[in-house]
Amino acid sequence: MSNSVQIRRERVAKIRTLMQSHDVDAVIIPSADPHMSEYLPVHWEGRSWVSGFTGSVGTLVISQDFAGLWTDSRYWVQAPIQLEGVGIELQKMQQGRPTFAKFLAEHLPNDAKVAIDGAVLSVAESDSLTEAFKDKNIKLVTDIDLLAEIWQDRPSLPTAPIYPHAEEFVDGLSVDKLTKVRSKMRELGADFHLVSSLDDIAWLTNLRGSDVPFNPVFLGHLLISADKATLFVGTAKLNADAKASLQSANIVVAEYADVIDGLANVSGTLLIDPAKVAVKTIKEVPNDVKILRAMNPSTVLKAIKTDRELDHVREAMRQDGAALCEFFSDFEKRVASGESLNEVDIDAMLNDARSRQPNHVSASFDSIVGFCSNGAIVHYKAEPETCMALKGDGLLLIDSGAQYYNGTTDITRMTSVGKISDEQKQDVTYVLKAHIALAMAVYPVGISSAHLDVLARNQLWQQGLDYGHGTGHGVGYFLNVHEGPQVISYHAPATPERTMQIGMITSNEPGLYREGKWGIRLENLVATVPAHRTEFGEFAKFEDLTLCPFDTRLILPELLTAQEKEWLNHYHKKVCDEIIDRVHGDAKAWLIERTKAI
């Protein structure tokens with residue numbers, strides 16, 4: 001047994017001992033912070049610290065005789081590897097199996113107690129758990145944090161500086177954005193509005209930070225009333241320009257930890273997004289205050305990029321495309337020379353190429369570089385100690401992105417090392433057909449984003465193929481690479497907010513994964529733009545923003561229709577035209593060769 005496995009087994013045992021002393025029958029450790037973020041400051045990576053599972057989604061449940069981790073299909077290959085020997089069982093979500101709430105309700109006795117830290121439990125999830133437990137009168141205990149009692153070297157909260165998003169890249173004053181939110185508050189009858197989601201706060205204040213890996217956001221809460229806004233934040237992190245920017249928007253500041261006491265002074269009606277606010281954050285709200293629940297108005301507002309913002313993103317995509325040309329030409333040259341490379345080397349090469357571009361800030365997520373069977377691990381992360389060398393024959397999946405001051409990028413491309421089989425080419429081609437089908441879509445403005453999913457999947461379903469993840473997610477503007485409200489997935493609820501609107505940026509990323517063999521995903525970011533207006537209404541289409549060739553050496557052209565070939569050739573011409581003047585030498589030659597018509 002490795003030392004790391006033994007440490008994690010001991011942590012589970014310590015939690016069970018604490019459960020006895022606190023008289024609780026089970027504990028839930030989610031992947032969450034007080035802002036319900038996808039990527040967490042290490043201070044709140046408790047689930048990973050206990051279990052060793054590093055995926056972005058997953059809930060750990062521990063009782064005296066059971067420990068299980070619930071996660072979705074993106075991690076069904078990765079999780080068993082990381083959990084091996086720890087004594088924690090993988091529980092696959094979305095496969096007809098009970099949720100962790102239903103599991104606990106079925107296995108715990110009447111009047112049992114389940115502990116979960118209220119600081120990382122959303123109001124919506126609390127309601128859901130309470131409903132699941134009510135038939136057996138199981139009590140949800142939210143006022144204890146078992147991790148705090150055993151995590152002796154727990155990292156402190158981040159202290160990175162907070163700064164204004166450069167004025168040249170911002171379209172919309174903070175004060176004007178707050179005016180739009182206040183207008184929506186009046187419509188809903190809200191006297192106060194608490195915003196805890198970090199991307200919303202960054203957008204509303206026009207400030208950025210680096211408290212969360214890959215996302216240029218900072219820890220904070222924003223309390224808005226009709227004539228005042230208070231930002232609860234680590235005030236020492238605000239630089240002079242950030243303070244001046246807040247003052248110009250009439251936003252006062254208070255310390256991050258003071259939000260709970262600050263909410264004790266609200267009155268009337270308080271608007272919250274129940275999926276984005278923690279139970280502990282609002283625990284001091286007076287009992288006579290009415291809690292109004294709705295999606296943050298800013299979530300919908302910031303999803304719709306302005307024309308100027310889209311122009312900035314188009315420029316960021318040209319920069320990113322030029323960097324990728326340099327990367328791929330360098331990669332192919334190194335492979336041809338026989339140089340020894342591994343998956344981690346590829347990540348470093350990508351980051352190096354992008355870092356030379358103007359306005360580059362950081363990666364937008366951990367690059368997913370999976371060779372051969374590792375490509376089938378949907379959210380695989382290569383580690384120096386365990387990564388695969390690029391030897392022999394096989395497909396290489398590269399999913400990567402960057403943060404630029406003028407935009408956020410996210411792209412997945414396939415390439416190969418050595419020879420690949422016709423079966424692999426067939427799989428790549430079917431995924432490309434799925435990608436093209438969605439890229440060519442014309443649809444009514446306001447259609448539920450979930451309803452577009454079938455357009456891509458149908459190409460694979462006809463062959464008896466499928467994939468477990470969604471086909472598309474919203475993307476922020478120098479913000480989170482995963483943002484809502486739109487989600488192109490038939491699993492996503494078709495709520496009124498999750499509709500396709502002009503100005504949204506969304507990913508188009510169908511895939512196909514053969515466990516133990518290879519994985520395929522082809523991803524562009526697309527903007528929803530006007531198509532035409534008729535007597536039947538307003539229609540939209542997708543504009544491809546990402547500028548990088550698909551490797552036509554990996555496909556079987558005979559499987560493409562004439563229309564699909566036309567789309568691919570048109571896209572490649574656009575890529576070449578947009579970035580030909582930004583690359584030189586080998587990179588330029590590579591671009592010309594890879595964008596030749598088929």
# chains A, B, ... in the order shown; residues from 1 in each chain; ligands from 1

$ select_by_dssp --residues "stretch 82-302 of chain A" --states "strand (DSSP E or B)" --output "ChimeraX atom specification"
/A:89-92,113-115,122,139-141,162-164,192-195,207-208,212,215,220-225,229-233,238,251-255,269-272,278,290-293

$ write_last_selection --atoms "N, CA and C atoms" --output "compact mmCIF listing (two decimals), in the first residue's frame"
# COMPACT_ATOMS: atom_id res chain seq x y z
N GLU A 89 -15.89 3.63 -2.54
CA GLU A 89 -16.46 3.03 -3.74
C GLU A 89 -16.96 4.11 -4.71
N LEU A 90 -16.69 3.93 -5.98
CA LEU A 90 -17.23 4.82 -7.00
C LEU A 90 -18.71 4.52 -7.20
N GLN A 91 -19.52 5.57 -7.17
CA GLN A 91 -20.95 5.46 -7.44
C GLN A 91 -21.23 6.28 -8.69
N LYS A 92 -21.61 5.62 -9.76
CA LYS A 92 -21.78 6.30 -11.05
C LYS A 92 -23.12 7.02 -11.11
N LYS A 113 -28.73 11.35 11.81
CA LYS A 113 -28.19 12.70 11.61
C LYS A 113 -27.10 12.65 10.54
N VAL A 114 -27.19 13.59 9.60
CA VAL A 114 -26.20 13.68 8.51
C VAL A 114 -25.55 15.05 8.59
N ALA A 115 -24.23 15.08 8.69
CA ALA A 115 -23.50 16.33 8.81
C ALA A 115 -22.97 16.79 7.46
N SER A 122 -25.25 24.68 -0.70
CA SER A 122 -26.15 25.68 -1.28
C SER A 122 -27.54 25.55 -0.68
N LYS A 139 -32.15 14.12 10.10
CA LYS A 139 -31.82 15.52 10.34
C LYS A 139 -30.54 15.91 9.62
N LEU A 140 -30.55 17.05 8.98
CA LEU A 140 -29.37 17.59 8.31
C LEU A 140 -28.68 18.56 9.29
N VAL A 141 -27.45 18.25 9.67
CA VAL A 141 -26.69 19.07 10.61
C VAL A 141 -25.69 19.90 9.83
N ILE A 162 -6.47 42.13 -6.35
CA ILE A 162 -7.66 42.35 -7.16
C ILE A 162 -7.44 43.63 -7.95
N TYR A 163 -7.74 43.59 -9.25
CA TYR A 163 -7.42 44.71 -10.12
C TYR A 163 -8.56 44.94 -11.11
N PRO A 164 -8.66 46.14 -11.69
CA PRO A 164 -9.72 46.38 -12.68
C PRO A 164 -9.40 45.67 -14.00
N PHE A 192 -33.43 43.79 -1.48
CA PHE A 192 -32.01 43.49 -1.43
C PHE A 192 -31.73 42.29 -2.33
N HIS A 193 -30.49 42.22 -2.80
CA HIS A 193 -30.07 41.08 -3.63
C HIS A 193 -28.65 40.70 -3.23
N LEU A 194 -28.46 39.45 -2.83
CA LEU A 194 -27.14 38.94 -2.48
C LEU A 194 -26.59 38.14 -3.65
N VAL A 195 -25.40 38.51 -4.11
CA VAL A 195 -24.71 37.77 -5.17
C VAL A 195 -23.47 37.14 -4.55
N LEU A 207 -13.99 44.03 -12.04
CA LEU A 207 -12.73 43.71 -11.39
C LEU A 207 -12.36 42.26 -11.69
N ARG A 208 -11.09 41.96 -11.59
CA ARG A 208 -10.61 40.60 -11.78
C ARG A 208 -9.59 40.25 -10.70
N VAL A 212 -9.00 31.84 -7.69
CA VAL A 212 -9.44 30.51 -8.12
C VAL A 212 -8.59 30.09 -9.32
N ASN A 215 -9.54 30.77 -13.35
CA ASN A 215 -10.62 31.72 -13.51
C ASN A 215 -10.22 33.06 -12.88
N GLY A 220 -15.61 36.85 -2.77
CA GLY A 220 -16.39 37.99 -2.33
C GLY A 220 -17.88 37.70 -2.36
N HIS A 221 -18.63 38.58 -1.76
CA HIS A 221 -20.08 38.60 -1.83
C HIS A 221 -20.48 40.04 -2.13
N LEU A 222 -21.54 40.22 -2.88
CA LEU A 222 -22.01 41.55 -3.23
C LEU A 222 -23.47 41.69 -2.81
N LEU A 223 -23.72 42.65 -1.92
CA LEU A 223 -25.09 42.90 -1.45
C LEU A 223 -25.58 44.20 -2.09
N ILE A 224 -26.67 44.10 -2.83
CA ILE A 224 -27.18 45.22 -3.60
C ILE A 224 -28.56 45.62 -3.07
N SER A 225 -28.75 46.92 -2.87
CA SER A 225 -30.07 47.46 -2.55
C SER A 225 -30.40 48.52 -3.58
N ALA A 229 -24.56 49.44 -2.74
CA ALA A 229 -23.99 48.11 -2.99
C ALA A 229 -22.76 47.96 -2.10
N THR A 230 -22.65 46.81 -1.45
CA THR A 230 -21.52 46.54 -0.57
C THR A 230 -20.81 45.28 -1.05
N LEU A 231 -19.51 45.42 -1.28
CA LEU A 231 -18.67 44.29 -1.67
C LEU A 231 -17.94 43.77 -0.44
N PHE A 232 -18.26 42.56 -0.03
CA PHE A 232 -17.58 41.91 1.08
C PHE A 232 -16.39 41.15 0.50
N VAL A 233 -15.20 41.59 0.82
CA VAL A 233 -14.01 41.11 0.13
C VAL A 233 -12.80 41.29 1.04
N LEU A 238 -7.34 44.66 -2.54
CA LEU A 238 -7.73 45.65 -3.54
C LEU A 238 -6.59 46.63 -3.80
N ILE A 251 -19.81 51.64 -4.91
CA ILE A 251 -19.78 50.36 -4.19
C ILE A 251 -18.87 50.53 -2.98
N VAL A 252 -19.41 50.31 -1.80
CA VAL A 252 -18.60 50.37 -0.58
C VAL A 252 -18.05 48.98 -0.30
N VAL A 253 -16.99 48.93 0.51
CA VAL A 253 -16.36 47.64 0.79
C VAL A 253 -16.42 47.31 2.27
N ALA A 254 -16.49 46.03 2.54
CA ALA A 254 -16.42 45.51 3.90
C ALA A 254 -15.62 44.21 3.83
N GLU A 255 -15.17 43.74 4.97
CA GLU A 255 -14.35 42.53 4.97
C GLU A 255 -15.17 41.30 4.57
N THR A 269 -37.59 42.16 1.37
CA THR A 269 -37.43 40.96 0.55
C THR A 269 -35.99 40.85 0.06
N LEU A 270 -35.40 39.67 0.23
CA LEU A 270 -34.02 39.42 -0.20
C LEU A 270 -34.02 38.43 -1.35
N LEU A 271 -33.45 38.84 -2.48
CA LEU A 271 -33.34 37.97 -3.65
C LEU A 271 -32.02 37.22 -3.59
N ILE A 272 -32.07 35.90 -3.72
CA ILE A 272 -30.87 35.07 -3.80
C ILE A 272 -31.04 34.05 -4.92
N ALA A 278 -24.71 29.92 -0.08
CA ALA A 278 -24.57 28.88 0.94
C ALA A 278 -25.49 29.11 2.12
N LYS A 290 -38.44 38.15 3.78
CA LYS A 290 -38.90 37.19 2.78
C LYS A 290 -37.75 36.85 1.84
N ILE A 291 -37.48 35.57 1.66
CA ILE A 291 -36.42 35.12 0.75
C ILE A 291 -37.04 34.82 -0.61
N LEU A 292 -36.60 35.57 -1.61
CA LEU A 292 -37.07 35.38 -2.99
C LEU A 292 -35.99 34.62 -3.76
N ARG A 293 -36.36 33.54 -4.41
CA ARG A 293 -35.39 32.67 -5.07
C ARG A 293 -35.52 32.75 -6.59

$ residues_around --residues "stretch 46-54 of chain A" --least-positions-apart "2" --cutoff "10 Å" --atoms "only C-alpha atoms" --output "ChimeraX atom specification"
/A:4-5,7-12,15,28-33,40,42-44,56-61,67-69,75,78-84,86-88,147-148,151,154,379-381

$ closest_residue --among "A:Ile420, A:Arg314, A:Lys574, A:Ala441" --to "A:Leu525" --atoms "only C-alpha atoms"
A:Arg314

$ residues_around --residues "stretch 479-493 of chain A" --least-positions-apart "4" --cutoff "7 Å" --atoms "only C-alpha atoms" --output "JSON, numbers by chain"
{"A": [199, 215, 216, 299, 300, 303, 364, 408, 449, 450, 451, 452, 453, 470, 471, 472, 473, 474, 475, 497, 498, 499, 500]}

$ select_by_dssp --residues "stretch 482-571 of chain A" --states "alpha helix (DSSP H)" --output "list in words"
Ala562, Gln563, Glu564, Lys565, Glu566, Trp567, Leu568, Asn569, His570 and Tyr571 of chain A

$ closest_residue --among "A:Phe327, A:Ala363, A:Ala264, A:Leu512" --to "A:Trp461" --atoms "only C-alpha atoms"
A:Leu512

$ residues_around --residues "stretch 589-595 of chain A" --least-positions-apart "2" --cutoff "7 Å" --atoms "only C-alpha atoms" --output "ChimeraX atom specification"
/A:325,329,549,551,572-573,576,585-587,597

$ closest_residue --among "A:Val344, A:Leu188, A:Leu324, A:Leu350" --to "A:Ala382" --atoms "only C-alpha atoms"
A:Val344
